[in-house]
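Undergrad: So here's my_file-v2.cif (mmCIF, C-alpha atoms and all ligand atoms).
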data_target
#
loop_
_atom_site.label_atom_id
_atom_site.label_comp_id
_atom_site.auth_asym_id
_atom_site.auth_seq_id
_atom_site.Cartn_x
_atom_site.Cartn_y
_atom_site.Cartn_z
CA MET A 1 0.00 0.00 0.00
CA LEU A 2 1.35 3.45 -0.90
CA PRO A 3 2.32 5.55 2.10
CA LEU A 4 1.11 9.11 2.59
CA PHE A 5 3.26 11.60 0.69
CA VAL A 6 3.19 15.09 -0.78
CA GLU A 7 3.63 15.72 -4.47
CA ARG A 8 6.30 18.29 -5.22
CA MET A 9 4.50 21.48 -6.18
CA ASP A 10 6.69 21.96 -9.26
CA GLN A 11 5.51 18.61 -10.61
CA SER A 12 1.86 19.58 -10.82
CA PHE A 13 0.51 20.31 -14.27
CA ASN A 14 -1.55 23.34 -15.04
CA PHE A 15 -4.24 22.68 -17.57
CA GLU A 16 -6.28 25.53 -18.97
CA LYS A 17 -9.38 25.77 -16.83
CA GLU A 18 -12.85 25.86 -18.27
CA PRO A 19 -15.26 28.60 -17.24
CA LEU A 20 -18.35 27.69 -15.26
CA ALA A 21 -20.40 26.01 -17.95
CA ASP A 22 -23.61 24.10 -18.34
CA VAL A 23 -23.24 20.54 -17.37
CA ASN A 24 -24.08 17.80 -19.79
CA PRO A 25 -25.67 14.92 -18.02
CA ARG A 26 -24.04 11.60 -18.60
CA ASN A 27 -25.53 9.57 -21.41
CA THR A 28 -26.37 6.71 -19.15
CA ILE A 29 -29.25 7.69 -16.91
CA LYS A 30 -30.07 5.36 -14.07
CA PRO A 31 -33.07 3.33 -15.31
CA ASP A 32 -34.88 3.19 -12.00
CA ILE A 33 -36.15 6.66 -11.20
CA LEU A 34 -36.15 5.74 -7.53
CA MET A 35 -32.48 4.88 -7.63
CA LYS A 36 -30.53 7.91 -6.56
CA GLN A 37 -27.44 8.97 -8.50
CA LYS A 38 -24.22 8.50 -6.53
CA LEU A 39 -22.62 11.82 -5.72
CA VAL A 40 -19.11 11.41 -4.35
CA ILE A 41 -17.43 14.29 -2.52
CA LEU A 42 -13.70 14.52 -1.88
CA SER A 43 -13.14 17.17 0.78
CA GLY A 44 -10.12 18.82 2.37
CA ALA A 45 -9.20 21.39 5.00
CA GLY A 46 -10.69 24.28 2.99
CA ILE A 47 -14.26 23.22 3.72
CA SER A 48 -13.67 23.71 7.44
CA GLN A 49 -11.86 27.05 7.06
CA GLU A 50 -15.11 28.99 7.52
CA SER A 51 -15.71 27.02 10.73
CA GLY A 52 -12.55 28.66 12.07
CA LEU A 53 -10.12 25.79 11.41
CA LYS A 54 -6.83 26.55 9.69
CA THR A 55 -5.91 24.93 6.41
CA PHE A 56 -2.41 23.48 5.97
CA ARG A 57 -0.89 25.17 2.94
CA ASP A 58 -2.59 28.57 2.65
CA MET A 59 -0.68 31.58 3.89
CA GLY A 60 -0.70 31.43 7.69
CA GLY A 61 -1.66 27.76 7.46
CA ILE A 62 -0.59 25.06 9.88
CA TRP A 63 2.54 24.08 7.91
CA ASP A 64 3.73 27.71 8.11
CA THR A 65 4.18 27.27 11.86
CA TYR A 66 5.22 23.62 12.06
CA GLN A 67 7.51 21.37 10.06
CA VAL A 68 5.48 18.35 8.93
CA GLU A 69 8.31 15.94 9.75
CA GLU A 70 8.58 17.28 13.31
CA VAL A 71 4.96 16.67 14.26
CA ALA A 72 3.27 14.35 11.77
CA SER A 73 5.53 11.38 11.13
CA PRO A 74 6.47 8.13 12.89
CA ASP A 75 10.01 9.52 13.35
CA ALA A 76 8.65 12.59 15.10
CA TRP A 77 6.71 10.33 17.45
CA LYS A 78 9.89 8.39 18.28
CA ARG A 79 11.97 11.55 18.70
CA ASN A 80 9.59 13.81 20.59
CA PRO A 81 6.17 12.33 21.42
CA GLU A 82 5.41 15.22 23.74
CA LEU A 83 5.69 17.74 20.89
CA VAL A 84 3.52 15.54 18.65
CA LEU A 85 0.86 15.26 21.37
CA ARG A 86 1.00 19.02 21.99
CA PHE A 87 0.56 19.71 18.26
CA TYR A 88 -2.53 17.49 18.05
CA ASN A 89 -3.87 18.85 21.37
CA GLU A 90 -3.78 22.31 19.78
CA ARG A 91 -5.62 21.03 16.71
CA ARG A 92 -8.13 19.21 18.89
CA LYS A 93 -8.80 22.25 21.09
CA ALA A 94 -9.49 24.35 17.98
CA PHE A 95 -11.92 21.83 16.58
CA TRP A 96 -13.59 20.85 19.88
CA GLU A 97 -15.76 23.99 19.81
CA ALA A 98 -16.03 24.30 16.01
CA LEU A 99 -19.40 24.00 14.31
CA PRO A 100 -20.25 22.91 10.78
CA ASN A 101 -20.63 25.81 8.35
CA ALA A 102 -23.09 26.38 5.50
CA ALA A 103 -20.99 24.23 3.15
CA HIS A 104 -21.06 21.16 5.41
CA ILE A 105 -24.79 21.66 5.95
CA THR A 106 -25.63 22.08 2.25
CA LEU A 107 -23.64 18.98 1.33
CA ALA A 108 -25.51 17.02 4.01
CA SER A 109 -28.84 18.22 2.57
CA LEU A 110 -27.92 16.80 -0.85
CA GLU A 111 -28.72 13.37 0.61
CA GLU A 112 -32.41 14.11 -0.06
CA ARG A 113 -31.76 13.88 -3.81
CA PHE A 114 -28.54 11.90 -4.18
CA ASP A 115 -26.79 8.91 -2.73
CA VAL A 116 -23.99 10.99 -1.21
CA GLU A 117 -20.69 9.50 -0.07
CA ILE A 118 -18.04 11.78 1.40
CA ILE A 119 -14.37 10.89 1.33
CA THR A 120 -12.60 13.40 3.52
CA GLN A 121 -8.96 14.11 4.22
CA ASN A 122 -10.12 16.07 7.26
CA VAL A 123 -9.60 14.80 10.76
CA ASP A 124 -12.46 16.91 12.15
CA ASP A 125 -16.00 15.51 12.23
CA LEU A 126 -17.87 18.54 10.91
CA HIS A 127 -19.40 16.58 8.01
CA GLU A 128 -20.92 14.14 10.51
CA GLN A 129 -22.04 16.99 12.79
CA ALA A 130 -23.80 18.55 9.79
CA GLY A 131 -25.73 15.30 9.30
CA SER A 132 -23.83 13.55 6.50
CA LYS A 133 -24.34 9.83 6.97
CA LYS A 134 -21.64 8.25 4.83
CA VAL A 135 -18.26 9.78 5.65
CA LEU A 136 -14.96 7.97 5.11
CA HIS A 137 -11.92 9.51 6.83
CA LEU A 138 -8.71 8.96 4.91
CA HIS A 139 -6.29 10.59 7.33
CA GLY A 140 -7.80 9.56 10.65
CA GLU A 141 -9.93 11.27 13.25
CA LEU A 142 -8.83 13.82 15.80
CA ARG A 143 -11.53 12.82 18.26
CA LYS A 144 -10.02 9.35 18.55
CA ALA A 145 -6.84 7.87 20.08
CA ARG A 146 -5.38 4.44 19.60
CA SER A 147 -3.09 2.04 21.35
CA THR A 148 0.56 1.93 20.29
CA ALA A 149 0.60 -1.77 21.20
CA ASP A 150 -2.50 -2.82 19.22
CA PRO A 151 -3.80 -0.45 16.51
CA SER A 152 -7.23 -2.09 16.64
CA ILE A 153 -7.78 -0.67 20.15
CA ILE A 154 -9.33 2.73 19.45
CA TYR A 155 -10.96 5.10 21.94
CA THR A 156 -13.16 8.16 21.52
CA LEU A 157 -11.66 10.98 23.58
CA GLN A 158 -13.85 12.76 26.10
CA SER A 159 -11.63 15.85 26.31
CA PRO A 160 -9.36 17.61 23.81
CA GLU A 161 -6.14 16.59 25.59
CA LEU A 162 -4.09 13.45 25.05
CA ASN A 163 -0.88 13.36 27.09
CA LEU A 164 2.13 11.21 27.88
CA GLY A 165 0.98 8.67 30.45
CA ASP A 166 -2.49 8.22 28.89
CA LEU A 167 -2.51 4.46 28.42
CA CYS A 168 -4.64 1.86 26.65
CA GLU A 169 -6.09 -1.13 28.46
CA LEU A 170 -2.87 -3.06 27.69
CA GLY A 171 -0.81 -0.43 29.47
CA SER A 172 0.72 1.15 26.34
CA GLN A 173 0.84 4.84 25.47
CA LEU A 174 -2.04 6.15 23.37
CA ARG A 175 -1.30 8.05 20.15
CA PRO A 176 -3.52 10.25 17.97
CA HIS A 177 -5.67 8.19 15.57
CA ILE A 178 -4.12 10.02 12.62
CA VAL A 179 -2.35 8.81 9.49
CA TRP A 180 1.13 10.30 9.56
CA PHE A 181 3.36 11.00 6.58
CA GLY A 182 5.12 7.79 5.57
CA GLU A 183 2.34 5.58 6.99
CA PRO A 184 -0.08 3.52 4.90
CA VAL A 185 -3.58 4.92 4.36
CA PRO A 186 -5.85 2.08 5.51
CA ASN A 187 -9.06 3.42 3.90
CA ILE A 188 -7.60 4.10 0.46
CA VAL A 189 -8.94 0.94 -1.22
CA LYS A 190 -12.43 1.57 0.18
CA ALA A 191 -12.18 5.13 -1.16
CA GLN A 192 -11.13 3.92 -4.62
CA LYS A 193 -14.14 1.60 -4.73
CA ILE A 194 -16.49 4.44 -3.79
CA MET A 195 -14.95 6.62 -6.52
CA GLU A 196 -15.42 3.89 -9.13
CA LYS A 197 -19.18 4.03 -8.54
CA ALA A 198 -19.53 7.82 -8.78
CA ASP A 199 -22.12 9.36 -11.12
CA ILE A 200 -21.04 12.88 -10.12
CA LEU A 201 -17.83 13.99 -8.40
CA VAL A 202 -17.37 17.07 -6.22
CA VAL A 203 -13.91 18.11 -5.00
CA ILE A 204 -13.98 20.79 -2.33
CA GLY A 205 -11.35 22.65 -0.32
CA THR A 206 -8.28 20.59 -1.09
CA SER A 207 -4.98 21.56 -2.70
CA LEU A 208 -4.73 18.01 -4.11
CA VAL A 209 -1.04 17.69 -3.36
CA VAL A 210 -1.17 14.87 -0.83
CA TYR A 211 -1.16 11.34 -2.22
CA PRO A 212 -2.71 8.86 -2.44
CA ALA A 213 -5.81 11.00 -1.69
CA ALA A 214 -5.20 13.33 -4.66
CA GLY A 215 -5.00 10.39 -7.06
CA LEU A 216 -8.53 9.27 -6.15
CA VAL A 217 -10.11 11.59 -8.75
CA HIS A 218 -8.71 9.30 -11.45
CA PHE A 219 -10.74 6.35 -10.16
CA ALA A 220 -14.04 8.08 -10.97
CA PRO A 221 -15.58 6.89 -14.26
CA GLU A 222 -14.75 8.86 -17.40
CA GLY A 223 -17.37 11.30 -18.62
CA ILE A 224 -19.11 12.03 -15.33
CA PRO A 225 -19.60 15.66 -14.28
CA VAL A 226 -16.80 16.88 -12.00
CA PHE A 227 -17.08 20.07 -9.93
CA VAL A 228 -14.17 21.66 -8.08
CA ILE A 229 -15.00 24.25 -5.41
CA ASP A 230 -11.99 26.18 -4.15
CA PRO A 231 -10.98 29.88 -4.05
CA GLY A 232 -7.48 28.77 -5.07
CA SER A 233 -6.58 26.80 -8.14
CA PRO A 234 -6.09 23.10 -7.57
CA SER A 235 -5.94 21.20 -10.84
CA VAL A 236 -8.00 18.14 -11.53
CA MET A 237 -6.46 16.57 -14.59
CA ARG A 238 -9.63 15.31 -16.24
CA PRO A 239 -11.58 16.69 -19.17
CA GLY A 240 -14.75 18.71 -18.61
CA VAL A 241 -14.11 19.83 -15.06
CA VAL A 242 -16.29 22.73 -13.86
CA TYR A 243 -14.29 25.02 -11.56
CA ILE A 244 -16.23 27.08 -9.02
CA GLN A 245 -13.58 29.46 -7.76
CA LYS A 246 -15.24 30.49 -4.51
CA LYS A 247 -15.14 29.78 -0.81
CA ALA A 248 -16.95 26.64 0.18
CA SER A 249 -20.07 28.27 1.67
CA GLU A 250 -20.71 30.30 -1.50
CA GLY A 251 -19.48 27.68 -3.94
CA VAL A 252 -21.95 25.07 -2.74
CA ASN A 253 -24.81 27.35 -3.81
CA ASP A 254 -23.47 27.35 -7.39
CA LEU A 255 -23.06 23.60 -7.10
CA VAL A 256 -26.71 23.18 -6.10
CA GLU A 257 -27.79 25.24 -9.15
CA LYS A 258 -25.66 23.06 -11.42
CA LEU A 259 -27.04 19.89 -9.86
CA VAL A 260 -30.61 21.09 -10.41
CA GLN A 261 -29.75 21.61 -14.11
CA TYR A 262 -28.20 18.16 -14.15
CA LEU A 263 -31.30 16.52 -12.68
CA GLN A 264 -33.57 18.42 -15.10
CA GLY A 265 -31.36 17.25 -17.97
CA SER A 266 -31.58 13.69 -16.68
CA ASN A 267 -35.39 13.81 -16.48
CA GLN A 268 -35.73 15.19 -20.02
CA LYS A 269 -33.72 12.25 -21.35
CA GLU A 270 -36.06 9.70 -19.77
P1 LIG B 301 -4.44 22.24 2.11
O1 LIG B 301 -4.15 23.21 3.18
O2 LIG B 301 -3.31 21.63 1.38
O3 LIG B 301 -5.39 22.91 1.01
C1 LIG B 301 -6.51 23.65 1.40
C2 LIG B 301 -7.30 24.04 0.18
O4 LIG B 301 -8.47 24.71 0.63
C3 LIG B 301 -6.57 25.01 -0.75
O5 LIG B 301 -6.73 24.58 -2.10
C4 LIG B 301 -7.26 26.34 -0.51
O6 LIG B 301 -7.31 27.16 -1.68
C5 LIG B 301 -8.65 25.87 -0.14
N1 LIG B 301 -9.44 26.81 0.70
C6 LIG B 301 -9.01 27.74 1.57
N2 LIG B 301 -10.05 28.37 2.14
C7 LIG B 301 -11.17 27.82 1.62
C8 LIG B 301 -12.58 28.02 1.80
N3 LIG B 301 -13.05 28.91 2.67
N4 LIG B 301 -13.43 27.26 1.08
C9 LIG B 301 -12.97 26.33 0.20
N5 LIG B 301 -11.68 26.10 -0.01
C10 LIG B 301 -10.78 26.82 0.69
O7 LIG B 301 -5.40 21.11 2.76
P2 LIG B 301 -5.70 19.64 2.23
O8 LIG B 301 -5.71 19.58 0.75
O9 LIG B 301 -6.87 19.16 2.97
O10 LIG B 301 -2.76 15.54 6.12
O11 LIG B 301 -4.41 18.87 2.75
C11 LIG B 301 -4.32 17.49 2.56
C12 LIG B 301 -3.59 16.86 3.73
O12 LIG B 301 -2.34 17.54 3.93
C13 LIG B 301 -4.30 17.01 5.05
O13 LIG B 301 -5.25 15.99 5.25
C14 LIG B 301 -3.18 16.92 6.04
C15 LIG B 301 -2.18 17.80 5.33
O14 LIG B 301 -0.84 17.59 5.63
C16 LIG B 301 -2.20 15.10 7.28
O15 LIG B 301 -1.88 15.82 8.19
C17 LIG B 301 -2.05 13.63 7.32
#
Represent the structure contained in this file as structure tokens.

TA:
Amino acid sequence: MLPLFVERMDQSFNFEKEPLADVNPRNTIKPDILMKQKLVILSGAGISQESGLKTFRDMGGIWDTYQVEEVASPDAWKRNPELVLRFYNERRKAFWEALPNAAHITLASLEERFDVEIITQNVDDLHEQAGSKKVLHLHGELRKARSTADPSIIYTLQSPELNLGDLCELGSQLRPHIVWFGEPVPNIVKAQKIMEKADILVVIGTSLVVYPAAGLVHFAPEGIPVFVIDPGSPSVMRPGVVYIQKKASEGVNDLVEKLVQYLQGSNQKE
């Protein structure tokens, strides 16, 4: 299994982006009108920015203050577990009080019309708090801790602090339930399978530089509508991508408009 790694920025391609355009529904319409289309969402730190949580790579982002390899790698844990725990305690304290924003809530409401599956790189649980039912976490969950002796022993934390001396039932130190750089991503195969079934793909609030998550977009079937919501300019190297260059809370409104057009187009074809 490929470990977590970051693509070098200078390796990313920059395809000409298409303006916001009408979306052509896929030729194959689901035959059973009662069968909802599968809408797959790949989300990243940007969707939680308006909930007050910092992103990683924007100016003033988390990796401006910390070196990844000092706080988010197995080596860091060996060298200085206290610093690693402090780093995640800070993250946890910030997210403990955070609430879902309009973007999380709108995406949750799409479940009325679509079979929505969210694949998130985020370690917060704001999608779940907003009411999304199918959320797969690729990079772990901040609210959880796990045993360093047996990774299958996982606890839900009752407070935002995890410290040296907090032990599992086997007597071993607990660590954050986070995928660190250089570690395998246990949910990646599940995520690829979800992508393969997508009828529509939405990518929101991610710079798409961390792999294998960023490569997931290539598992979605060819020809499906793909929407990218981000005020920056992440590139999705697929034809026919619709870029909505806005913050998440505004961008989801454009998305809803486009999805309404898509559904109307689907109905006309039946
Ligand atoms: P990044 O910080 O790399 O990218 C955040 C993206 O969100 C950028 O493309 C921004 O333009 C965009 N953004 C900023 N504000 C936004 C807003 N209000 N609405 C919508 N988009 C906004 O975060 P990720 O791509 O999630 O991994 O980073 C991927 C992984 O790298 C993270 O899961 C984390 C990090 O290192 C680990 O720590 C394991």

Undergrad: Could you give me, as CSV, a per-residue list for chain A showing, wherever an atom lies at most 6 Å from an atom of ligand LIG 301 (chain B), the closest pair of atoms and their distance in Å to one decimal, using all atoms listed in the file and sorting by chain then residue number from low to high?

TA:
residue,atom,partner,partner_atom,distance
A:Gly44,CA,B:LIG301,O9,3.3
A:Ala45,CA,B:LIG301,O9,3.8
A:Gly46,CA,B:LIG301,O4,3.3
A:Ile47,CA,B:LIG301,C9,4.9
A:Gln49,CA,B:LIG301,N3,4.9
A:Glu50,CA,B:LIG301,N3,5.3
A:Thr55,CA,B:LIG301,O1,4.1
A:Phe56,CA,B:LIG301,O1,3.3
A:Arg57,CA,B:LIG301,O1,3.8
A:Asp58,CA,B:LIG301,O1,5.6
A:Gln121,CA,B:LIG301,O13,4.3
A:Asn122,CA,B:LIG301,O13,5.3
A:His139,CA,B:LIG301,C17,5.2
A:Val179,CA,B:LIG301,C17,5.3
A:Trp180,CA,B:LIG301,C17,5.1
A:Gly205,CA,B:LIG301,N5,3.5
A:Thr206,CA,B:LIG301,O8,3.3
A:Ser207,CA,B:LIG301,O5,3.5
A:Leu208,CA,B:LIG301,O8,5.2
A:Val210,CA,B:LIG301,C11,5.3
A:Asp230,CA,B:LIG301,N5,4.2
A:Pro231,CA,B:LIG301,O6,5.1
A:Gly232,CA,B:LIG301,O6,3.8
A:Pro234,CA,B:LIG301,O5,5.7
A:Lys247,CA,B:LIG301,N4,3.6
A:Ala248,CA,B:LIG301,N4,3.7

Undergrad: Using only C-alpha atoms, which of the listed residues (A:Pro100, A:Gly223, A:Gly171, A:Pro3) sits closest to Asp199 (chain A)?

TA: A:Gly223

Undergrad: Would you please work out which residue, of A:Asn89, A:Gln261, A:Ser51, A:Thr120, is nearest to Lys144 (chain A) when using all atoms listed in the file?

TA: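 Result for the nearest residue to Lys144 (chain A): A:Asn89.
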
Undergrad: Around all of region 231-237 of chain A's listed atoms, make the axis-aligned box with 6 Å on each side and tell me centre and edge lengths in Å to one decimal, as AutoDock Vina command-line options.

TA:
--center_x -8.5 --center_y 23.2 --center_z -9.3 --size_x 17.0 --size_y 25.3 --size_z 22.5

Undergrad: I need the residue nearest Ile229 (chain A) from this list: A:Leu85, A:Ile41, A:Ala130, A:Ala145. Use only C-alpha atoms for the distance.

TA: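 So, comparing all the options, the nearest one is A:Ile41.
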
Undergrad: For the atom pair CA of Asn80 (chain A) and CA of Leu136 (chain A), what is the interatomic distance in Å to one decimal place?

TA: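 Computing the Euclidean distance for CA of Asn80 (chain A) and CA of Leu136 (chain A) yields 29.6 Å.
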